[in-house]
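Trainee: Pasting a structure below so you can have a look.
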Amino acid sequence: MKPLIGQLVSEAPVITDGAWGSLLLGAGLAPGELGDAWNLTHPERVEAVPKAYVEAGSRIVLTNTFRSNRITLERYGLAGKLKEINEAGVRISRRAAAGRALVFGSAGPTGKLLVMGDTTPEELSSVFAEQFEALAEAGVDALVLETMADLEEAGIAVRAALATGLPVVACMVFDSGRNRDRTMMGVTPEQAAASLTETGADVIGANCGQGPSDYIPICRRLGSATELPLWIKPNAGLPELVDGRAVYKTSPGDFAVQIPSIIEAGASFVGGCCGATPEFIRAVASRI
Amino acid sequence: MADLKALHEAIINGDLKSAVAITKEALAAQADPLAIVTDHMVPAMDEVGRRFECEEYFVPELLLSARAMKGALELIRPLLAASGVEPAGKVVIGTVKGDLHDIGKNLVASMLEGGGFEVVDLGADVAPEKFAQAAKERDANIVCLSALLTVTMPSMRTTIEALKQAGVRDRVKVLIGGAPVTQQYADEIGADGYGANATAAVQLARGITGR
């Protein structure tokens, strides 16, 4: 186990951060606008996000770089700014953390499907390497691969992340199938944990897709297939649409009350995803 | 004579190469193009849909089967058109304005093509007027709207408005889908149907056209 992860696990449970997109939308991000671009255009609004999480009790905050890979940035005509956007993302979170929290670099999937030949393993490998090198050079403490649905893409991302020498947290999203216990591509928690462990990830996790109570069995099942520490970030339940706006009906209290069970199911790192605002993290912090 | 049972298998197994080879062989041997589709290809996609429903298959298998089906259909479609056989229906599909997610939309488009529909894919981040224009020009009978973000779902409503303004709303059925979309939302914005996944979308489309 890498020393940083070993240290954190010895202090577990470690509270991570919550939703970013929900807060940026609240700060005026337009639907369909690329939130990561705000690292350059509205750094102060971005900085307010990790700041609020650190104040709420997060010991790890992520970076606003979930979609800052070449494939996604190209769709917004921003591929030329890849390095700057990732660097700014790290700088912003580091400034907000002000030594009170660690900064883990966030990266999501590319949105291209290997199975359809939209991309190749070689392309994905170089796309991820480019983003991770930018994050590593800017000084993140670890890398977090989030919301992965395809195990092959996740594996490629893990290998590219490991090449930086940083600790790697590998998370998939289980939101499909009758029991909502598979990724969109049909991967089970057991398959994900076993495969990502073999690839060499340092922490195995799951984020997004469903609310906290659904994460208790998923966490247990991840743990049944790996000895590695687990990282869990549920949504604030599933969104309901009220007057055309997404509303998460789960309250911070409803959310936090489930967290001890997730920890009991094996999670060392707990936080939130979509809809889980700093109020949720504060409620979690007051409970554990 | 080509082994058309093998075509059925090739589609179920997502084997594009075999599906194309067998279809070529069958057409060279003067097999009836329409019979190849209705007796072998459509039942194969039905079986794929069934396996998806009962979770034997997931998205990757679905995509591969749809691709195999599409490959074979590309050989057959010109022959069908030449003999005056109409497609099951004409579909205009796209991800709504402000939303760049296209995996779900691509999947639905592939499955509809596999189901014998003619599909005009407008891509992602499609403006309401563009949907209306395409529906009009292509004489579509179905318009499919996709959104993956809760914040872009309202674009579905504005797209339906644009169809009304262009005077094509009563000529088309509007089907919507995407992770945050629900039947309730479809009812609320006056869409004609909601599909929870790609196979449900094909069933809805078939229900509309009666094919």
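In the structure tokens, each chain is lettered A, B, ... as it comes, each chain's residues begin at 1, and ligands are numbered from 1 in order of appearance.
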Determine, using only C-alpha atoms, which residues of chain B have any atom at most 6 Å from an atom of chain A, and tabulate each with its shortest atom pair and distance in Å to one decimal place, rows ordered by chain and then rising number, as JSON lines.
Mentor:
```
{"residue": "B:Phe58", "atom": "CA", "partner": "A:Gly186", "partner_atom": "CA", "distance": 5.1}
{"residue": "B:Val59", "atom": "CA", "partner": "A:Met185", "partner_atom": "CA", "distance": 5.1}
{"residue": "B:Pro60", "atom": "CA", "partner": "A:Met185", "partner_atom": "CA", "distance": 5.9}
{"residue": "B:Gly98", "atom": "CA", "partner": "A:Gly32", "partner_atom": "CA", "distance": 4.1}
{"residue": "B:Asp99", "atom": "CA", "partner": "A:Gly32", "partner_atom": "CA", "distance": 5.2}
{"residue": "B:Thr150", "atom": "CA", "partner": "A:Ala246", "partner_atom": "CA", "distance": 5.6}
{"residue": "B:Val151", "atom": "CA", "partner": "A:Pro31", "partner_atom": "CA", "distance": 5.5}
{"residue": "B:Thr152", "atom": "CA", "partner": "A:Pro31", "partner_atom": "CA", "distance": 6.0}
{"residue": "B:Pro154", "atom": "CA", "partner": "A:Gly244", "partner_atom": "CA", "distance": 5.8}
```
Trainee: Would you list the contacts of Ile262 of chain A as JSON, numbers by chain, taking every protein, DNA or RNA residue within 7 Å and counting only C-alpha atoms, but skipping same-chain residues closer than 5 positions in sequence?
Mentor: {"A": [215, 216, 219, 267]}
Trainee: Between B:Leu112, B:Ala124, B:Val96, B:Leu27, which residue has the minimum interatomic distance to Ile160 of chain B, considering only C-alpha atoms?
Mentor: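 Of the candidates, the smallest distance to Ile160 of chain B is held by B:Val96.
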Trainee: Determine, counting only C-alpha atoms, which protein, DNA and RNA residues have an atom within 9 Å of an atom of Arg159 of chain A; residues of the same chain fewer than 3 positions away are not included. Present the result as a list in words.
Mentor: Ser125, Ala129, Ala154, Gly155, Ile156, Leu162, Ala163, Thr199, Gly200 and Ala201 of chain A
Trainee: Which polymer residues have any atom within 12 Å of an atom of Ser251 of chain A, counting only C-alpha atoms, with same-chain residues fewer than 5 positions away left out, as a ChimeraX atom specification?
Mentor: /A:211-212,235-238,256-258,275-284
Trainee: Take the residues that were just selected and, keeping N, CA and C atoms, output them as a PDB file, in the first residue's frame.
Mentor:
```
ATOM      1  N   GLY A 211     -28.594   6.443  -4.535  1.00  0.00           N
ATOM      2  CA  GLY A 211     -28.533   7.041  -3.210  1.00  0.00           C
ATOM      3  C   GLY A 211     -27.778   6.182  -2.209  1.00  0.00           C
ATOM      4  N   PRO A 212     -27.608   6.711  -0.982  1.00  0.00           N
ATOM      5  CA  PRO A 212     -26.725   6.066  -0.009  1.00  0.00           C
ATOM      6  C   PRO A 212     -27.155   4.656   0.414  1.00  0.00           C
ATOM      7  N   ASN A 235     -24.954   9.412  -4.554  1.00  0.00           N
ATOM      8  CA  ASN A 235     -25.727  10.628  -4.854  1.00  0.00           C
ATOM      9  C   ASN A 235     -26.650  10.935  -3.685  1.00  0.00           C
ATOM     10  N   ALA A 236     -27.201  12.132  -3.700  1.00  0.00           N
ATOM     11  CA  ALA A 236     -28.230  12.471  -2.717  1.00  0.00           C
ATOM     12  C   ALA A 236     -29.551  11.861  -3.202  1.00  0.00           C
ATOM     13  N   GLY A 237     -29.604  10.561  -3.299  1.00  0.00           N
ATOM     14  CA  GLY A 237     -30.784   9.888  -3.850  1.00  0.00           C
ATOM     15  C   GLY A 237     -30.836  10.096  -5.351  1.00  0.00           C
ATOM     16  N   LEU A 238     -31.979   9.808  -5.954  1.00  0.00           N
ATOM     17  CA  LEU A 238     -32.153  10.035  -7.384  1.00  0.00           C
ATOM     18  C   LEU A 238     -32.907  11.344  -7.574  1.00  0.00           C
ATOM     19  N   ALA A 256     -26.819  11.272   5.753  1.00  0.00           N
ATOM     20  CA  ALA A 256     -25.773  10.984   6.744  1.00  0.00           C
ATOM     21  C   ALA A 256     -26.104   9.759   7.583  1.00  0.00           C
ATOM     22  N   VAL A 257     -27.397   9.514   7.788  1.00  0.00           N
ATOM     23  CA  VAL A 257     -27.791   8.407   8.661  1.00  0.00           C
ATOM     24  C   VAL A 257     -27.382   7.057   8.061  1.00  0.00           C
ATOM     25  N   GLN A 258     -27.192   7.017   6.726  1.00  0.00           N
ATOM     26  CA  GLN A 258     -26.803   5.768   6.064  1.00  0.00           C
ATOM     27  C   GLN A 258     -25.285   5.548   6.076  1.00  0.00           C
ATOM     28  N   GLY A 275     -25.793  16.119  -6.180  1.00  0.00           N
ATOM     29  CA  GLY A 275     -26.822  16.573  -5.249  1.00  0.00           C
ATOM     30  C   GLY A 275     -26.362  16.631  -3.801  1.00  0.00           C
ATOM     31  N   ALA A 276     -25.209  16.004  -3.514  1.00  0.00           N
ATOM     32  CA  ALA A 276     -24.720  16.008  -2.129  1.00  0.00           C
ATOM     33  C   ALA A 276     -23.854  17.256  -1.924  1.00  0.00           C
ATOM     34  N   THR A 277     -24.451  18.271  -1.353  1.00  0.00           N
ATOM     35  CA  THR A 277     -23.816  19.580  -1.187  1.00  0.00           C
ATOM     36  C   THR A 277     -23.007  19.626   0.117  1.00  0.00           C
ATOM     37  N   PRO A 278     -22.332  20.729   0.398  1.00  0.00           N
ATOM     38  CA  PRO A 278     -21.579  20.826   1.653  1.00  0.00           C
ATOM     39  C   PRO A 278     -22.426  20.540   2.900  1.00  0.00           C
ATOM     40  N   GLU A 279     -23.727  20.844   2.839  1.00  0.00           N
ATOM     41  CA  GLU A 279     -24.595  20.526   3.985  1.00  0.00           C
ATOM     42  C   GLU A 279     -24.599  19.018   4.264  1.00  0.00           C
ATOM     43  N   PHE A 280     -24.548  18.240   3.193  1.00  0.00           N
ATOM     44  CA  PHE A 280     -24.521  16.779   3.337  1.00  0.00           C
ATOM     45  C   PHE A 280     -23.218  16.336   3.990  1.00  0.00           C
ATOM     46  N   ILE A 281     -22.117  16.927   3.533  1.00  0.00           N
ATOM     47  CA  ILE A 281     -20.810  16.552   4.082  1.00  0.00           C
ATOM     48  C   ILE A 281     -20.731  16.972   5.548  1.00  0.00           C
ATOM     49  N   ARG A 282     -21.300  18.133   5.857  1.00  0.00           N
ATOM     50  CA  ARG A 282     -21.313  18.581   7.245  1.00  0.00           C
ATOM     51  C   ARG A 282     -22.098  17.596   8.111  1.00  0.00           C
ATOM     52  N   ALA A 283     -23.228  17.125   7.587  1.00  0.00           N
ATOM     53  CA  ALA A 283     -24.050  16.159   8.328  1.00  0.00           C
ATOM     54  C   ALA A 283     -23.292  14.845   8.514  1.00  0.00           C
ATOM     55  N   VAL A 284     -22.547  14.447   7.488  1.00  0.00           N
ATOM     56  CA  VAL A 284     -21.748  13.216   7.591  1.00  0.00           C
ATOM     57  C   VAL A 284     -20.665  13.404   8.652  1.00  0.00           C
TER      58      VAL A 284
END
```
Trainee: Counting only C-alpha atoms, figure out which residue out of B:Gly104, B:Gly89, B:Gly94, B:Gly116 gets nearest to Thr38 of chain B.
Mentor: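 So, comparing all the options, the nearest one is B:Gly116.
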Trainee: Where does DSSP see strand (DSSP E or B) in segment 24-261 of chain A, if you list the residues as a PyMOL selection string?
Mentor: chain A and resi 60-61+102-107+142-148+168-172+176+182+203-207+230-233+239-242+245-248
Trainee: Would you write out those residues with C-alpha atoms, as a PDB file, in the first residue's frame?
Mentor:
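Saved the output as selection.pdb:
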```
ATOM      1  CA  ILE A  60      -9.884  15.201   0.722  1.00  0.00           C
ATOM      2  CA  VAL A  61     -11.172  17.497  -2.019  1.00  0.00           C
ATOM      3  CA  LEU A 102      -5.516  16.737   0.506  1.00  0.00           C
ATOM      4  CA  VAL A 103      -6.169  17.345  -3.201  1.00  0.00           C
ATOM      5  CA  PHE A 104      -6.992  14.349  -5.379  1.00  0.00           C
ATOM      6  CA  GLY A 105      -7.199  14.916  -9.139  1.00  0.00           C
ATOM      7  CA  SER A 106     -10.527  13.933 -10.680  1.00  0.00           C
ATOM      8  CA  ALA A 107     -10.874  12.297 -14.099  1.00  0.00           C
ATOM      9  CA  ALA A 142      -3.480  11.208  -5.842  1.00  0.00           C
ATOM     10  CA  LEU A 143      -5.671  10.507  -8.873  1.00  0.00           C
ATOM     11  CA  VAL A 144      -9.346   9.512  -8.741  1.00  0.00           C
ATOM     12  CA  LEU A 145     -10.928   7.862 -11.779  1.00  0.00           C
ATOM     13  CA  GLU A 146     -14.642   8.379 -11.388  1.00  0.00           C
ATOM     14  CA  THR A 147     -17.920   7.197 -12.900  1.00  0.00           C
ATOM     15  CA  MET A 148     -16.365   4.543 -15.129  1.00  0.00           C
ATOM     16  CA  VAL A 168      -4.836   5.707  -7.800  1.00  0.00           C
ATOM     17  CA  VAL A 169      -8.476   5.466  -6.728  1.00  0.00           C
ATOM     18  CA  ALA A 170     -10.577   3.614  -9.331  1.00  0.00           C
ATOM     19  CA  CYS A 171     -14.357   4.101  -9.165  1.00  0.00           C
ATOM     20  CA  MET A 172     -17.158   2.762 -11.303  1.00  0.00           C
ATOM     21  CA  SER A 176     -28.012  -0.368 -14.526  1.00  0.00           C
ATOM     22  CA  ARG A 182     -24.289  -3.297 -12.742  1.00  0.00           C
ATOM     23  CA  VAL A 203      -8.198   2.073  -3.744  1.00  0.00           C
ATOM     24  CA  ILE A 204     -11.380   0.626  -5.282  1.00  0.00           C
ATOM     25  CA  GLY A 205     -14.606   2.579  -5.294  1.00  0.00           C
ATOM     26  CA  ALA A 206     -17.993   3.479  -6.631  1.00  0.00           C
ATOM     27  CA  ASN A 207     -19.652   6.850  -7.124  1.00  0.00           C
ATOM     28  CA  LEU A 230     -12.868   1.176  -0.492  1.00  0.00           C
ATOM     29  CA  TRP A 231     -14.051   4.637  -1.542  1.00  0.00           C
ATOM     30  CA  ILE A 232     -17.803   5.338  -1.731  1.00  0.00           C
ATOM     31  CA  LYS A 233     -19.616   8.459  -2.957  1.00  0.00           C
ATOM     32  CA  PRO A 239     -33.172  13.420  -8.761  1.00  0.00           C
ATOM     33  CA  GLU A 240     -36.789  14.350  -9.297  1.00  0.00           C
ATOM     34  CA  LEU A 241     -37.742  17.025 -11.735  1.00  0.00           C
ATOM     35  CA  VAL A 242     -39.666  19.944 -10.294  1.00  0.00           C
ATOM     36  CA  ARG A 245     -35.103  21.613 -12.350  1.00  0.00           C
ATOM     37  CA  ALA A 246     -33.401  18.615 -10.767  1.00  0.00           C
ATOM     38  CA  VAL A 247     -34.323  18.349  -7.121  1.00  0.00           C
ATOM     39  CA  TYR A 248     -32.754  15.807  -4.783  1.00  0.00           C
TER      40      TYR A 248
END
```
Trainee: Env of Val91 of chain B: 9 Å cut, atoms = only C-alpha atoms, seq-sep filter 5 positions within chain, self excluded. Answer as a ChimeraX atom specification.
Mentor: /B:109,112,117-121,135,138,140-144,205
Trainee: Can you spit out the residues from that selection as a PDB file, in the first residue's frame, using C-alpha atoms?
Mentor:
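Done, and the output landed in again_19.pdb:
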```pdb
ATOM      1  CA  ALA B 109     -30.379   4.710 -33.163  1.00  0.00           C
ATOM      2  CA  LEU B 112     -33.935   1.198 -34.404  1.00  0.00           C
ATOM      3  CA  PHE B 117     -36.333   1.740 -39.330  1.00  0.00           C
ATOM      4  CA  GLU B 118     -34.745   4.404 -41.463  1.00  0.00           C
ATOM      5  CA  VAL B 119     -32.874   6.592 -39.004  1.00  0.00           C
ATOM      6  CA  VAL B 120     -31.679  10.156 -39.481  1.00  0.00           C
ATOM      7  CA  ASP B 121     -29.189  10.830 -36.675  1.00  0.00           C
ATOM      8  CA  ALA B 135     -38.696  15.982 -39.357  1.00  0.00           C
ATOM      9  CA  ARG B 138     -37.331  13.796 -44.171  1.00  0.00           C
ATOM     10  CA  ALA B 140     -40.381  11.427 -40.490  1.00  0.00           C
ATOM     11  CA  ASN B 141     -43.098   9.755 -38.493  1.00  0.00           C
ATOM     12  CA  ILE B 142     -41.107   9.462 -35.276  1.00  0.00           C
ATOM     13  CA  VAL B 143     -38.849  11.965 -33.499  1.00  0.00           C
ATOM     14  CA  CYS B 144     -36.638  10.587 -30.711  1.00  0.00           C
ATOM     15  CA  ALA B 205     -41.534   2.703 -32.322  1.00  0.00           C
TER      16      ALA B 205
END
```
Trainee: From the options A:Ser213, A:Thr120, A:Ser286, A:Ser126, which residue's atoms come nearest to Ala160 of chain A, counting only C-alpha atoms?
Mentor: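 Among the listed residues, A:Ser126 lies closest to Ala160 of chain A.
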Trainee: Have a look at atom CA of Val202 of chain B and atom CA of Lys173 of chain B and let me know their distance in Å, one decimal.
Mentor: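 Calculated distance between atom CA of Val202 of chain B and atom CA of Lys173 of chain B is 13.2 Å.
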Trainee: Have a look at A:Ile288, A:Val46, A:Val9, A:Ile259 and name the one nearest to Leu228 of chain A; count only C-alpha atoms.
Mentor: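 Closest to Leu228 of chain A, using only C-alpha atoms: A:Val9.
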Trainee: Taking only C-alpha atoms into account, name the residue in B:Ile11, B:Leu79, B:Leu63, B:Leu107 that is nearest to Ala35 of chain B.
Mentor: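 Under the stated criterion, the closest residue is B:Leu79.
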Trainee: I'd like to know which of A:Glu47, A:Glu123, A:Asp118, A:Glu137 is closest to Arg95 of chain A, using only C-alpha atoms.
Mentor: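 Among the listed residues, the smallest separation from Arg95 of chain A belongs to A:Glu47.
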Trainee: Leaving out segment 48-52 of chain B and any residue of its chain fewer than 3 positions from it, which residues lie within 8 Å of it when counting only C-alpha atoms, given as a PyMOL selection string?
Mentor: chain B and resi 12+44-45+55-59+62+65+199
Trainee: Convert the current residue selection to file output with N, CA and C atoms, as a compact mmCIF listing (two decimals), in the first residue's frame.
Mentor:
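Now in selection12.txt:
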```
# COMPACT_ATOMS: atom_id res chain seq x y z
N ILE B 12 -27.08 -12.58 -33.35
CA ILE B 12 -27.17 -12.76 -31.90
C ILE B 12 -25.78 -12.68 -31.26
N ALA B 44 -33.82 -12.36 -34.96
CA ALA B 44 -32.54 -12.38 -34.24
C ALA B 44 -32.44 -11.17 -33.31
N MET B 45 -32.82 -9.98 -33.79
CA MET B 45 -32.78 -8.79 -32.94
C MET B 45 -33.80 -8.89 -31.81
N GLU B 55 -31.26 -9.65 -18.77
CA GLU B 55 -29.91 -9.40 -18.25
C GLU B 55 -28.90 -10.50 -18.56
N GLU B 56 -29.14 -11.20 -19.67
CA GLU B 56 -28.08 -12.06 -20.17
C GLU B 56 -27.14 -11.19 -20.98
N TYR B 57 -27.72 -10.18 -21.63
CA TYR B 57 -26.95 -9.25 -22.44
C TYR B 57 -26.97 -7.87 -21.79
N PHE B 58 -25.87 -7.14 -21.99
CA PHE B 58 -25.83 -5.74 -21.56
C PHE B 58 -25.47 -4.88 -22.76
N VAL B 59 -25.21 -3.63 -22.52
CA VAL B 59 -25.00 -2.70 -23.62
C VAL B 59 -23.95 -3.16 -24.65
N LEU B 62 -25.45 -5.68 -26.95
CA LEU B 62 -26.50 -5.03 -27.74
C LEU B 62 -25.89 -4.24 -28.90
N SER B 65 -24.46 -6.60 -31.62
CA SER B 65 -25.52 -7.22 -32.42
C SER B 65 -26.14 -6.20 -33.38
N THR B 199 -34.14 -1.20 -26.13
CA THR B 199 -35.10 -2.19 -26.64
C THR B 199 -36.53 -1.68 -26.42
```
Trainee: Identify, on the basis of only C-alpha atoms, every residue whose closest approach to Ala97 of chain A does not exceed 7 Å; exclude the query and any residue fewer than 6 positions from it along the same chain; express the result as a list in words.
Mentor: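 Listing them by chain and then by number gives Pro50, Lys51 and Val54 of chain A.
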Trainee: Store the residues of this selection in a file with C-alpha atoms, as a PDB file, in the first residue's frame.
Mentor:
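That gives us out_31.pdb:
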```pdb
ATOM      1  CA  PRO A  50     -13.687  22.951  -2.449  1.00  0.00           C
ATOM      2  CA  LYS A  51     -13.576  25.743   0.121  1.00  0.00           C
ATOM      3  CA  VAL A  54     -13.118  21.872   3.534  1.00  0.00           C
TER       4      VAL A  54
END
```
